[in-house]
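Below you'll find the structure, written out as structure tokens, and then a few comments.
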Amino acid sequence: MIKYIRNKLKKIKLLNDLHSFYYSTLKPLAKRECNICGYKGFFKGFGRPLRLDARCPVCDSLERHRLLMLAISRDEIKSFLNKNASILHFAPEKIIEKIFRKKFIYYKTADLFKKADLVINIENICILDEQYDIIVANHVLEHVNDRKASAELSRILKHGGVLVCQVPIVEGWAFTYENESISSEDGRWSHFGQGDHVRFYGADFRERICEGGFELIKEYTSQGLDVIKYGLLRGEKIFIFKKK
Ligand SMILES: [Zn+2]
């Protein structure tokens, strides 16, 4: 009988501990609003390490998707105003792809490994010069040889075309961190923040991309209340480069 009670108490303590853990570390911080699907309420956590209030439970949008759609809905990226623009979207995020397919007449997705309209290696693109008005490549460049990729992206853009991209970046670092000795997945997680990233960008990200034939024309980031309302990441940026 005593053993039974002791086991019961242990279980209750474990449940209490789990409960405390949930409330101290995992509980959503506040109700948010999804500017993509219109959901209002608590968001889910996402990522490693976990980011609270990151994912919309209805449309699965993450902070970066909501940031991009916020910028577009406010006409912050002028190129997207042209519905006749030809767009190539690398590593397409499902939620963005769905919106773009409806919005734009000429829209193609591209990926080397996942299902897409075009199977493309971003470092060596089998497309003729000057074909697209807009290229979207969010969280792609940290996975690849970005110098080769930026030259290729510039080549296939029309004169005056733009590259819209997001990357993980530490603005406090003057220089990007790369380390050729890191080759394991675990090593890349700890050094670069994800098992398939090959660098962590510093502020010189801009120059690295410009070297491929671009000029930086805009950086968009969300401000104050928008961050709170839409569950965005403070300081996260969208970079817009124009082909020179
Ligand atoms: Zn949503």
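If you're wondering about the labels, chains in the structure tokens are A, B, ... by order shown, residues count from 1 in each chain, ligands from 1 in order shown.
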Practice problem: Excluding Thr221 in chain A and any residue of its chain fewer than 6 positions from it, enumerate the residues within 10 Å of it, using only C-alpha atoms, and give them as a ChimeraX atom specification. | Solution: /A:67-68,70-71,227,232-239
Need to verify the contact set: range 109-123 of chain A, 6 Å, only C-alpha atoms, exclusion of same-chain residues closer than 6 positions in sequence. Can you return it as a PDB file with N, CA and C atoms, in the first residue's frame?
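Resulting contents of part-v5.pdb:
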```pdb
ATOM      1  N   LEU A  88      10.737  33.640 -60.672  1.00  0.00           N
ATOM      2  CA  LEU A  88      11.313  32.328 -60.391  1.00  0.00           C
ATOM      3  C   LEU A  88      11.517  32.237 -58.877  1.00  0.00           C
ATOM      4  N   HIS A  89      10.944  31.207 -58.280  1.00  0.00           N
ATOM      5  CA  HIS A  89      10.933  31.086 -56.817  1.00  0.00           C
ATOM      6  C   HIS A  89      11.698  29.818 -56.410  1.00  0.00           C
ATOM      7  N   PHE A  90      12.873  30.021 -55.812  1.00  0.00           N
ATOM      8  CA  PHE A  90      13.696  28.883 -55.377  1.00  0.00           C
ATOM      9  C   PHE A  90      13.223  28.355 -54.026  1.00  0.00           C
ATOM     10  N   ALA A  91      13.352  27.031 -53.863  1.00  0.00           N
ATOM     11  CA  ALA A  91      12.969  26.360 -52.612  1.00  0.00           C
ATOM     12  C   ALA A  91      11.633  26.921 -52.112  1.00  0.00           C
ATOM     13  N   LYS A 148      28.937  31.694 -56.482  1.00  0.00           N
ATOM     14  CA  LYS A 148      28.492  31.118 -57.767  1.00  0.00           C
ATOM     15  C   LYS A 148      27.009  31.415 -57.974  1.00  0.00           C
ATOM     16  N   ALA A 149      26.216  31.239 -56.912  1.00  0.00           N
ATOM     17  CA  ALA A 149      24.764  31.400 -57.023  1.00  0.00           C
ATOM     18  C   ALA A 149      24.392  32.835 -57.394  1.00  0.00           C
TER      19      ALA A 149
END
```
Practice problem: Identify all residues of range 20-231 of chain A in helix (DSSP H, G or I) (DSSP on the backbone) and supply them as a ChimeraX atom specification. | Solution: /A:20-26,63-73,78-81,94-103,141-143,146-156,185-192,205-210,224-230
Once you count only C-alpha atoms and all ligand atoms, which residues end up within 12 Å of ligand 1, and could you hand them over as a PDB file with C-alpha atoms, in the first residue's frame?
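As a result, out07.pdb now contains:
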```
ATOM      1  CA  ARG A  32      -1.147  36.778 -32.467  1.00  0.00           C
ATOM      2  CA  GLU A  33      -2.707  37.446 -35.829  1.00  0.00           C
ATOM      3  CA  CYS A  34      -1.728  35.729 -39.055  1.00  0.00           C
ATOM      4  CA  ASN A  35      -1.593  38.279 -41.860  1.00  0.00           C
ATOM      5  CA  ILE A  36      -1.708  35.433 -44.391  1.00  0.00           C
ATOM      6  CA  CYS A  37      -4.769  33.373 -43.411  1.00  0.00           C
ATOM      7  CA  GLY A  38      -6.418  35.740 -40.919  1.00  0.00           C
ATOM      8  CA  TYR A  39      -6.209  33.369 -37.916  1.00  0.00           C
ATOM      9  CA  LYS A  40      -6.213  35.104 -34.541  1.00  0.00           C
ATOM     10  CA  GLY A  41      -5.077  33.267 -31.426  1.00  0.00           C
ATOM     11  CA  PHE A  42      -2.110  31.345 -30.067  1.00  0.00           C
ATOM     12  CA  PHE A  43       0.612  30.284 -32.469  1.00  0.00           C
ATOM     13  CA  LYS A  44       2.765  27.170 -32.110  1.00  0.00           C
ATOM     14  CA  ASP A  53       4.786  31.879 -31.292  1.00  0.00           C
ATOM     15  CA  ALA A  54       6.491  31.055 -34.570  1.00  0.00           C
ATOM     16  CA  ARG A  55       4.038  28.954 -36.582  1.00  0.00           C
ATOM     17  CA  CYS A  56       0.433  29.721 -37.457  1.00  0.00           C
ATOM     18  CA  PRO A  57      -1.617  26.618 -36.562  1.00  0.00           C
ATOM     19  CA  VAL A  58      -3.953  27.111 -39.532  1.00  0.00           C
ATOM     20  CA  CYS A  59      -1.737  27.884 -42.547  1.00  0.00           C
ATOM     21  CA  ASP A  60       1.640  26.800 -41.055  1.00  0.00           C
ATOM     22  CA  SER A  61       3.232  30.136 -41.937  1.00  0.00           C
ATOM     23  CA  LEU A  62       6.432  31.029 -40.085  1.00  0.00           C
ATOM     24  CA  GLU A  63       7.721  34.463 -39.122  1.00  0.00           C
ATOM     25  CA  HIS A  65       6.591  34.080 -44.530  1.00  0.00           C
ATOM     26  CA  ARG A  66       4.429  36.561 -42.658  1.00  0.00           C
ATOM     27  CA  MET A  69       3.614  38.902 -47.199  1.00  0.00           C
ATOM     28  CA  ILE A  95       2.132  28.979 -48.385  1.00  0.00           C
ATOM     29  CA  ILE A  96       3.922  31.603 -50.497  1.00  0.00           C
ATOM     30  CA  TYR A 230       1.924  39.183 -36.318  1.00  0.00           C
ATOM     31  CA  GLY A 231       4.438  37.123 -34.337  1.00  0.00           C
TER      32      GLY A 231
END
```
For Asp129 in chain A, find every residue with an atom within 6 Å (counting only C-alpha atoms), except residues of its own chain fewer than 2 positions away, and show them as a PDB file with C-alpha atoms, in the first residue's frame.
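What ended up in around12.pdb:
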```pdb
ATOM      1  CA  GLN A 131      14.684  35.570 -68.456  1.00  0.00           C
ATOM      2  CA  ARG A 155      22.766  36.361 -65.214  1.00  0.00           C
ATOM      3  CA  ILE A 156      19.211  35.005 -65.584  1.00  0.00           C
TER       4      ILE A 156
END
```
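Considering only C-alpha atoms, the residue among A:Phe175, A:Phe100, A:Tyr106, A:Tyr201 positioned nearest to Asp146 in chain A is A:Tyr201.
Nearest residue to Leu216 in chain A among A:Ile169, A:Glu180, A:Gly193, A:Val164 is A:Val164, counting only C-alpha atoms.
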Exercise. As JSON, numbers by chain, list the residues of range 152-196 of chain A assigned to strand (DSSP E or B) by DSSP on the backbone atoms of this structure.
Key: {"A": [157, 158, 159, 160, 161, 162, 163, 164, 165, 166, 169, 177]}
Given the selection you just returned, output its residues as a file containing N, CA and C atoms, formatted as a PDB file, in the first residue's frame.
```
ATOM      1  N   LEU A 157      18.502  37.109 -64.571  1.00  0.00           N
ATOM      2  CA  LEU A 157      17.548  38.214 -64.394  1.00  0.00           C
ATOM      3  C   LEU A 157      17.601  39.156 -65.583  1.00  0.00           C
ATOM      4  N   LYS A 158      16.446  39.726 -65.914  1.00  0.00           N
ATOM      5  CA  LYS A 158      16.408  40.754 -66.953  1.00  0.00           C
ATOM      6  C   LYS A 158      17.078  42.018 -66.424  1.00  0.00           C
ATOM      7  N   HIS A 159      17.411  42.924 -67.315  1.00  0.00           N
ATOM      8  CA  HIS A 159      17.983  44.209 -66.901  1.00  0.00           C
ATOM      9  C   HIS A 159      17.006  44.908 -65.936  1.00  0.00           C
ATOM     10  N   GLY A 160      17.468  45.283 -64.782  1.00  0.00           N
ATOM     11  CA  GLY A 160      16.599  45.942 -63.795  1.00  0.00           C
ATOM     12  C   GLY A 160      15.813  44.966 -62.930  1.00  0.00           C
ATOM     13  N   GLY A 161      15.985  43.664 -63.160  1.00  0.00           N
ATOM     14  CA  GLY A 161      15.292  42.647 -62.357  1.00  0.00           C
ATOM     15  C   GLY A 161      15.816  42.602 -60.928  1.00  0.00           C
ATOM     16  N   VAL A 162      15.042  41.998 -60.046  1.00  0.00           N
ATOM     17  CA  VAL A 162      15.437  42.009 -58.635  1.00  0.00           C
ATOM     18  C   VAL A 162      15.513  40.600 -58.043  1.00  0.00           C
ATOM     19  N   LEU A 163      16.420  40.482 -57.086  1.00  0.00           N
ATOM     20  CA  LEU A 163      16.532  39.280 -56.257  1.00  0.00           C
ATOM     21  C   LEU A 163      15.987  39.633 -54.877  1.00  0.00           C
ATOM     22  N   VAL A 164      14.961  38.901 -54.453  1.00  0.00           N
ATOM     23  CA  VAL A 164      14.372  39.110 -53.121  1.00  0.00           C
ATOM     24  C   VAL A 164      14.792  37.923 -52.263  1.00  0.00           C
ATOM     25  N   CYS A 165      15.511  38.202 -51.176  1.00  0.00           N
ATOM     26  CA  CYS A 165      15.998  37.061 -50.391  1.00  0.00           C
ATOM     27  C   CYS A 165      16.076  37.364 -48.899  1.00  0.00           C
ATOM     28  N   GLN A 166      16.032  36.275 -48.155  1.00  0.00           N
ATOM     29  CA  GLN A 166      16.207  36.331 -46.707  1.00  0.00           C
ATOM     30  C   GLN A 166      17.268  35.292 -46.344  1.00  0.00           C
ATOM     31  N   ILE A 169      21.264  35.990 -40.390  1.00  0.00           N
ATOM     32  CA  ILE A 169      22.387  36.939 -40.398  1.00  0.00           C
ATOM     33  C   ILE A 169      22.596  37.496 -38.984  1.00  0.00           C
ATOM     34  N   TYR A 177      30.847  34.053 -41.087  1.00  0.00           N
ATOM     35  CA  TYR A 177      31.624  32.965 -40.488  1.00  0.00           C
ATOM     36  C   TYR A 177      31.515  31.709 -41.340  1.00  0.00           C
TER      37      TYR A 177
END
```
Quiz prompt | Shell of 12 Å around Leu81 in chain A, only C-alpha atoms, local chain residues under 6 positions omitted, as a VMD selection string | solution = chain A and resid 71 to 75 100 103 to 104 133 to 134
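Minimum atom-to-atom distance to Cys126 in chain A, evaluated using only C-alpha atoms, belongs to A:Leu153 out of A:Val198, A:Val170, A:Leu153, A:Ile240.
Here CA of Arg101 in chain A is placed at a distance of 10.7 Å from CA of Lys83 in chain A.
Excluding Glu215 in chain A itself and any same-chain residue fewer than 6 positions from it, the protein and nucleic acid residues within 8 Å of it, counting only C-alpha atoms, are Phe241, Lys242, Lys243 and Lys244 of chain A.
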Exercise. Give the answer as one residue: which of A:Asp17, A:Asp226, A:Glu185, A:Glu152 has the shortest atom-to-atom distance to Ile125 in chain A, using only C-alpha atoms?
Key: A:Glu152
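For the residues A:Glu171, A:Glu207, A:Glu178, A:Glu142, ranking by smallest atom-to-atom distance to Gln194 in chain A using only C-alpha atoms places A:Glu142 first.
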